[in-house]
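> What follows is query-v7.tsv, made up of TSV, C-alpha atoms:
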```tsv
chain	number	residue	atom	x	y	z
A	20	MET	CA	-36.38	35.45	-117.70
A	21	ALA	CA	-32.91	34.11	-117.99
A	22	VAL	CA	-31.63	37.08	-116.04
A	23	MET	CA	-34.16	36.55	-113.28
A	24	ARG	CA	-32.62	36.45	-109.85
A	25	GLY	CA	-33.85	35.19	-106.53
A	26	LYS	CA	-36.36	32.47	-105.96
A	27	LYS	CA	-38.38	31.53	-109.02
A	28	ILE	CA	-42.05	30.94	-108.50
A	29	CYS	CA	-44.20	28.81	-110.73
A	30	ARG	CA	-46.55	31.18	-112.52
A	31	PHE	CA	-49.29	28.61	-112.72
A	32	CYS	CA	-49.12	27.83	-109.02
A	33	GLU	CA	-49.16	31.52	-108.29
A	34	ASN	CA	-52.33	32.00	-110.33
A	35	LYS	CA	-53.84	28.71	-109.13
A	36	ILE	CA	-54.17	27.24	-112.59
A	37	THR	CA	-54.73	23.52	-112.71
A	38	MET	CA	-55.33	23.18	-116.44
A	39	ILE	CA	-53.39	24.86	-119.21
A	40	ASN	CA	-55.40	25.84	-122.25
A	41	TYR	CA	-53.76	24.50	-125.40
A	42	LYS	CA	-55.67	27.01	-127.52
A	43	ASP	CA	-54.26	30.04	-125.75
A	44	GLU	CA	-51.55	31.27	-128.05
A	45	ARG	CA	-50.24	33.79	-125.53
A	46	ILE	CA	-49.43	31.25	-122.85
A	47	LEU	CA	-47.94	28.74	-125.25
A	48	LYS	CA	-45.76	31.37	-126.87
A	49	ARG	CA	-44.58	32.67	-123.56
A	50	PHE	CA	-43.01	29.35	-122.73
A	51	THR	CA	-41.42	28.68	-126.10
A	52	ASN	CA	-38.42	30.44	-127.57
A	53	GLU	CA	-38.24	32.10	-131.00
A	54	ARG	CA	-37.48	28.79	-132.61
A	55	GLY	CA	-40.57	27.22	-131.11
A	56	LYS	CA	-38.70	25.12	-128.59
A	57	ILE	CA	-40.15	24.58	-125.15
A	58	ILE	CA	-38.23	26.58	-122.56
A	59	PRO	CA	-36.87	24.36	-119.76
A	60	ARG	CA	-38.29	24.82	-116.32
A	61	ARG	CA	-34.88	25.59	-114.92
A	62	VAL	CA	-35.25	28.85	-116.82
A	63	THR	CA	-38.94	29.58	-116.37
A	64	GLY	CA	-39.18	28.39	-112.79
A	65	ASN	CA	-42.27	26.28	-113.38
A	66	CYS	CA	-42.96	23.43	-110.99
A	67	ALA	CA	-42.70	19.88	-112.28
A	68	MET	CA	-46.44	19.31	-112.44
A	69	HIS	CA	-47.15	22.45	-114.42
A	70	GLN	CA	-44.20	21.95	-116.74
A	71	ARG	CA	-45.62	18.54	-117.59
A	72	LYS	CA	-49.04	20.03	-118.29
A	73	LEU	CA	-47.50	22.84	-120.25
A	74	THR	CA	-45.56	20.51	-122.52
A	75	THR	CA	-48.68	18.55	-123.40
A	76	ALA	CA	-50.51	21.81	-124.02
A	77	ILE	CA	-47.75	23.09	-126.30
A	78	LYS	CA	-47.66	19.81	-128.20
A	79	ARG	CA	-51.42	19.92	-128.65
A	80	GLY	CA	-51.14	23.50	-129.77
A	81	ARG	CA	-48.60	22.47	-132.37
A	82	VAL	CA	-51.00	19.95	-133.85
A	83	LEU	CA	-53.64	22.66	-134.17
A	84	ALA	CA	-51.18	25.10	-135.75
A	85	ILE	CA	-51.54	27.52	-132.84
A	86	VAL	CA	-47.81	27.42	-132.18
A	87	ALA	CA	-45.19	26.31	-134.67
A	88	PHE	CA	-43.21	23.10	-134.51
A	89	ALA	CA	-40.17	25.07	-135.61
A	90	ALA	CA	-39.57	28.62	-136.66
A	91	GLU	CA	-40.08	29.21	-140.36
A	92	SER	CA	-36.87	31.13	-140.78
A	93	TYR	CA	-34.00	32.02	-138.54
A	94	ARG	CA	-30.60	33.54	-138.98
B	20	MET	CA	-70.58	9.00	-121.11
B	21	ARG	CA	-67.40	10.96	-121.10
B	22	VAL	CA	-66.50	14.58	-121.54
B	23	TYR	CA	-64.50	15.44	-124.63
B	24	GLU	CA	-63.32	18.56	-126.29
B	25	THR	CA	-63.00	18.59	-130.04
B	26	THR	CA	-61.28	21.38	-131.89
B	27	PHE	CA	-61.09	21.46	-135.64
B	28	ILE	CA	-59.89	23.74	-138.39
B	29	ILE	CA	-61.93	24.28	-141.53
B	30	ASN	CA	-60.61	25.57	-144.82
B	31	PRO	CA	-61.59	29.25	-144.77
B	32	GLN	CA	-61.64	29.61	-148.54
B	33	SER	CA	-65.17	28.28	-148.81
B	34	ASP	CA	-67.98	30.74	-148.13
B	35	ASP	CA	-69.45	31.39	-144.71
B	36	ALA	CA	-72.56	29.31	-145.28
B	37	THR	CA	-70.62	26.14	-146.02
B	38	ILE	CA	-68.31	26.73	-143.06
B	39	GLU	CA	-71.35	27.10	-140.85
B	40	LYS	CA	-72.74	23.92	-142.32
B	41	HIS	CA	-69.57	21.98	-141.55
B	42	VAL	CA	-69.70	23.18	-137.96
B	43	SER	CA	-73.36	22.30	-137.56
B	44	ASP	CA	-72.70	18.89	-139.13
B	45	VAL	CA	-70.28	18.07	-136.36
B	46	LYS	CA	-72.76	19.36	-133.80
B	47	GLU	CA	-75.48	17.16	-135.22
B	48	MET	CA	-73.25	14.12	-135.11
B	49	ILE	CA	-72.60	14.68	-131.45
B	50	LEU	CA	-76.28	15.15	-130.71
B	51	LYS	CA	-77.23	12.05	-132.73
B	52	THR	CA	-75.14	9.79	-130.53
B	53	ASP	CA	-77.00	11.01	-127.44
B	54	GLY	CA	-74.30	13.52	-126.76
B	55	LYS	CA	-74.80	16.70	-124.80
B	56	ILE	CA	-73.04	19.86	-125.83
B	57	ILE	CA	-71.73	21.80	-122.85
B	58	SER	CA	-70.19	24.68	-124.71
B	59	GLU	CA	-69.33	25.65	-128.22
B	60	ASN	CA	-66.84	28.23	-129.26
B	61	HIS	CA	-66.31	29.53	-132.76
B	62	MET	CA	-62.94	31.17	-132.67
B	63	GLY	CA	-63.28	32.21	-136.29
B	64	THR	CA	-60.57	32.67	-138.85
B	65	ARG	CA	-57.09	32.76	-137.40
B	66	ARG	CA	-53.61	32.70	-138.79
B	67	LEU	CA	-52.01	29.28	-138.78
B	68	ALA	CA	-48.61	28.98	-137.15
B	69	TYR	CA	-47.43	27.02	-140.16
B	70	GLU	CA	-48.77	26.28	-143.61
B	71	ILE	CA	-51.16	23.36	-143.97
B	72	ASP	CA	-51.99	22.34	-147.54
B	73	LYS	CA	-50.71	25.71	-148.74
B	74	LEU	CA	-53.17	27.50	-146.47
B	75	THR	CA	-52.09	30.24	-144.10
B	76	GLN	CA	-55.42	30.75	-142.36
B	77	GLY	CA	-58.00	28.49	-140.87
B	78	TYR	CA	-61.44	28.66	-139.32
B	79	TYR	CA	-61.31	27.33	-135.77
B	80	ALA	CA	-64.24	25.89	-133.85
B	81	THR	CA	-64.43	24.00	-130.56
B	82	PHE	CA	-67.05	21.83	-128.93
B	83	LEU	CA	-67.03	20.73	-125.33
B	84	TYR	CA	-69.48	17.89	-124.96
B	85	GLU	CA	-70.45	14.83	-123.07
B	86	ALA	CA	-70.92	11.77	-125.23
B	87	PRO	CA	-70.51	7.99	-125.26
B	88	THR	CA	-67.22	6.63	-126.55
B	89	ASP	CA	-68.90	5.57	-129.81
B	90	ILE	CA	-68.66	9.14	-131.04
B	91	LEU	CA	-64.90	9.05	-131.46
B	92	PRO	CA	-64.56	6.72	-134.47
B	93	LEU	CA	-67.52	8.43	-136.12
B	94	LEU	CA	-66.00	11.87	-135.76
B	95	ASP	CA	-62.61	10.58	-136.81
B	96	HIS	CA	-64.09	9.18	-139.98
B	97	HIS	CA	-66.00	12.35	-140.66
B	98	PHE	CA	-62.90	14.50	-140.35
B	99	LYS	CA	-60.88	12.16	-142.55
B	100	VAL	CA	-63.42	11.84	-145.33
B	101	ASN	CA	-64.29	15.51	-145.54
B	102	GLU	CA	-61.51	17.49	-147.11
B	103	ALA	CA	-62.74	20.80	-145.74
B	104	PHE	CA	-61.39	19.83	-142.32
B	105	ILE	CA	-57.72	20.67	-142.25
B	106	ARG	CA	-56.99	19.56	-138.70
B	107	ASP	CA	-58.85	18.10	-135.77
B	108	LEU	CA	-58.02	17.25	-132.20
B	109	THR	CA	-60.18	15.51	-129.64
B	110	VAL	CA	-59.12	15.55	-126.03
B	111	ARG	CA	-60.70	13.81	-123.10
B	112	ILE	CA	-61.52	16.13	-120.22
B	113	GLU	CA	-61.13	14.29	-116.95
B	114	CYS	CA	-62.18	17.03	-114.60
B	115	ASP	CA	-65.44	18.88	-114.11
B	116	PRO	CA	-66.28	20.59	-117.43
B	117	GLN	CA	-67.49	23.76	-115.73
B	118	GLU	CA	-64.21	24.01	-113.88
B	119	TYR	CA	-62.43	23.40	-117.17
B	120	LEU	CA	-64.29	26.24	-118.85
B	121	LYS	CA	-63.44	28.56	-116.00
B	122	GLN	CA	-59.74	27.98	-116.49
B	123	GLN	CA	-59.73	28.61	-120.21
B	124	ASP	CA	-58.55	32.16	-119.79
B	125	PRO	CA	-56.61	32.08	-116.55
B	126	PHE	CA	-54.50	35.18	-116.88
B	127	GLY	CA	-57.45	37.23	-118.02
B	128	LYS	CA	-57.75	39.19	-121.21
B	129	HIS	CA	-56.59	42.40	-119.64
B	130	GLY	CA	-53.02	41.29	-119.96
B	131	SER	CA	-51.94	41.91	-116.39
B	132	ASP	CA	-49.25	39.31	-116.93
B	133	ARG	CA	-47.80	40.29	-120.26
B	134	PRO	CA	-45.17	38.06	-121.85
B	135	ASP	CA	-42.61	40.80	-122.29
B	136	ASP	CA	-42.62	41.86	-118.67
B	137	SER	CA	-41.43	38.54	-117.37
B	138	ARG	CA	-38.17	38.75	-119.29
B	139	ARG	CA	-37.31	42.28	-118.35
B	140	GLY	CA	-36.78	42.21	-114.63
B	141	HIS	CA	-36.77	45.25	-112.41
B	142	ARG	CA	-35.31	48.32	-114.05
B	143	GLY	CA	-34.43	50.12	-110.86
B	144	ASP	CA	-35.36	53.57	-109.70
B	145	ARG	CA	-34.95	56.06	-112.52
B	146	GLY	CA	-35.01	59.06	-110.21
B	147	ASP	CA	-36.42	62.37	-111.32
B	148	ARG	CA	-36.95	62.87	-114.99
B	149	PRO	CA	-34.39	65.30	-116.43
B	150	ALA	CA	-36.00	68.63	-117.14
B	151	PRO	CA	-35.23	70.34	-120.47
B	152	GLY	CA	-32.68	72.62	-118.83
B	153	LYS	CA	-31.07	69.94	-116.71
B	154	PRO	CA	-28.62	68.19	-119.05
B	155	ALA	CA	-26.15	71.08	-118.70
B	156	GLU	CA	-26.29	70.75	-114.93
B	157	LYS	CA	-25.74	67.04	-115.19
B	158	SER	CA	-22.45	67.44	-117.01
B	159	GLY	CA	-20.79	68.65	-113.82
B	160	GLU	CA	-19.52	71.80	-112.21
B	161	LYS	CA	-16.74	72.56	-114.64
B	162	PRO	CA	-18.88	73.80	-117.54
B	163	GLU	CA	-20.91	75.87	-115.12
B	164	VAL	CA	-17.86	77.80	-114.01
B	165	LYS	CA	-16.86	78.40	-117.59
B	166	GLU	CA	-20.31	79.54	-118.52
B	167	GLU	CA	-20.37	81.79	-115.54
B	168	THR	CA	-17.36	83.69	-116.70
B	169	ALA	CA	-18.52	83.49	-120.29
B	170	ALA	CA	-21.91	84.78	-119.32
B	171	VAL	CA	-20.50	88.04	-118.10
B	172	LYS	CA	-18.68	88.49	-121.37
B	173	THR	CA	-21.68	87.63	-123.50
B	174	GLU	CA	-23.82	90.01	-121.55
B	175	GLU	CA	-21.36	92.75	-122.18
B	176	LYS	CA	-21.24	91.85	-125.83
B	177	THR	CA	-24.99	91.88	-126.24
B	178	GLU	CA	-25.17	95.21	-124.56
B	179	THR	CA	-22.73	96.56	-127.08
B	180	ALA	CA	-24.78	95.06	-129.91
B	181	ALA	CA	-22.47	92.23	-130.84
B	182	VAL	CA	-22.57	90.05	-133.97
B	183	LYS	CA	-24.75	87.42	-132.29
B	184	THR	CA	-28.46	87.43	-133.10
B	185	GLU	CA	-30.88	88.57	-130.48
B	186	ALA	CA	-32.63	85.23	-130.17
B	187	LYS	CA	-29.43	83.36	-129.48
B	188	ALA	CA	-28.26	85.89	-127.01
B	189	GLU	CA	-31.55	85.78	-125.18
B	190	THR	CA	-31.51	82.02	-124.80
B	191	SER	CA	-27.92	81.97	-123.62
B	192	GLU	CA	-28.67	84.73	-121.18
B	193	SER	CA	-31.70	83.03	-119.74
B	194	ASP	CA	-29.82	79.73	-119.50
B	195	ASN	CA	-26.86	81.34	-117.87
B	196	ALA	CA	-29.05	83.33	-115.56
B	197	SER	CA	-30.61	80.18	-114.17
B	198	LYS	CA	-27.20	78.59	-113.78
B	199	GLU	CA	-25.69	81.62	-112.21
B	200	ASP	CA	-28.10	81.43	-109.31
B	201	LYS	CA	-26.48	78.40	-107.82
B	202	PRO	CA	-22.81	79.37	-107.93
B	203	GLN	CA	-23.71	82.69	-106.42
B	204	ASP	CA	-25.43	80.93	-103.55
B	205	ASP	CA	-22.29	78.88	-103.01
B	206	LYS	CA	-20.18	81.97	-102.78
B	207	GLU	CA	-22.38	83.60	-100.22
```
What does the file become when written as structure tokens?


Amino acid sequence: MAVMRGKKICRFCENKITMINYKDERILKRFTNERGKIIPRRVTGNCAMHQRKLTTAIKRGRVLAIVAFAAESYR
Amino acid sequence: MRVYETTFIINPQSDDATIEKHVSDVKEMILKTDGKIISENHMGTRRLAYEIDKLTQGYYATFLYEAPTDILPLLDHHFKVNEAFIRDLTVRIECDPQEYLKQQDPFGKHGSDRPDDSRRGHRGDRGDRPAPGKPAEKSGEKPEVKEETAAVKTEEKTETAAVKTEAKAETSESDNASKEDKPQDDKE
């Protein structure tokens, strides 16, 4: 995504999603890097509203052990 | 009455019957306080993203329900007292619960929007796939000219029963024959 060129479009706006499911591992993982950090919206192209909702969803997911707080091991 | 969603993780090491009992206990508690269950989802045993109490797996279950606020301290206490519950999370749902349920799986399970694709970008037109015989052509005109002259020699050699094996000679002949077509056309 970092190499993406042109205008970035918010994926959630595109798909008309108003709520982000904090139990959906796929979505949460897509917007976190290998270390488990939340990817900034300057990289993903999310709009402000959805980035806000996404961060709460990821943080909820971390509590429920759906996504990790930090990667277990890294080089 | 408010709409809440409670998700909890149960220790999966106990047998199925006790897990079921823990889930139904929570359900009963909600119903006892005049709550109304809108949906319940047993996600089953899943891998935990990190170890909790030395456990690597957990049994997930979710309830979406409408209940008075009194339920929250009761549930909290229940989860704290009972050691089988590893984690719990209760979230208030402020929108229409049916709408909420609809959006649970927004991208669909068919994976039309796979995570890997987003990072890749467009790969560009790959053109025609190289056919098995093509790589020689790709290397340019120079080798073709050489092979052309070599082909004549090899043909002569094979005719005079040279050292080369028949199989090798045949393949080189057929290869050269196909390549010879083009240069000949150029000459004409």

> Can you tell me which residues surround range 84-99 of chain B at a distance of at most 9 Å, considering only C-alpha atoms, apart from same-chain residues fewer than 3 positions away, and format the answer as a ChimeraX atom specification?

/B:20-25,27,45,48-50,52-59,102-107,109,116

> Write out the residues from the selection above, keeping C-alpha atoms, as a compact mmCIF listing (two decimals), keeping the file's coordinate frame.


```txt
# COMPACT_ATOMS: atom_id res chain seq x y z
CA MET B 20 -70.58 9.00 -121.11
CA ARG B 21 -67.40 10.96 -121.10
CA VAL B 22 -66.50 14.58 -121.54
CA TYR B 23 -64.50 15.44 -124.63
CA GLU B 24 -63.32 18.56 -126.29
CA THR B 25 -63.00 18.59 -130.04
CA PHE B 27 -61.09 21.46 -135.64
CA VAL B 45 -70.28 18.07 -136.36
CA MET B 48 -73.25 14.12 -135.11
CA ILE B 49 -72.60 14.68 -131.45
CA LEU B 50 -76.28 15.15 -130.71
CA THR B 52 -75.14 9.79 -130.53
CA ASP B 53 -77.00 11.01 -127.44
CA GLY B 54 -74.30 13.52 -126.76
CA LYS B 55 -74.80 16.70 -124.80
CA ILE B 56 -73.04 19.86 -125.83
CA ILE B 57 -71.73 21.80 -122.85
CA SER B 58 -70.19 24.68 -124.71
CA GLU B 59 -69.33 25.65 -128.22
CA GLU B 102 -61.51 17.49 -147.11
CA ALA B 103 -62.74 20.80 -145.74
CA PHE B 104 -61.39 19.83 -142.32
CA ILE B 105 -57.72 20.67 -142.25
CA ARG B 106 -56.99 19.56 -138.70
CA ASP B 107 -58.85 18.10 -135.77
CA THR B 109 -60.18 15.51 -129.64
CA PRO B 116 -66.28 20.59 -117.43
```

> Which is closest to chain B among A:Ile85, A:Gly80, A:His69, A:Arg54, if we use all atoms listed in the file?

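Of A:Ile85, A:Gly80, A:His69, A:Arg54, the one nearest chain B, counting all atoms listed in the file, is A:Ile85.
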
> Could you tell me how far CA of Arg45 in chain A sits from CA of Pro31 in chain B, in Å to one decimal place?

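Computed distance, CA of Pro31 in chain B to CA of Arg45 in chain A, equals 22.8 Å.
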
> Of the residues B:Lys51, B:Ala68, B:Thr26, B:Lys40, which is the one nearest to Leu47 in chain A, using all atoms listed in the file?

B:Ala68

> Distance CA of Ile29 in chain B-CA of Lys42 in chain A, one decimal place?

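For CA of Ile29 in chain B relative to CA of Lys42 in chain A, the distance reads 15.6 Å.
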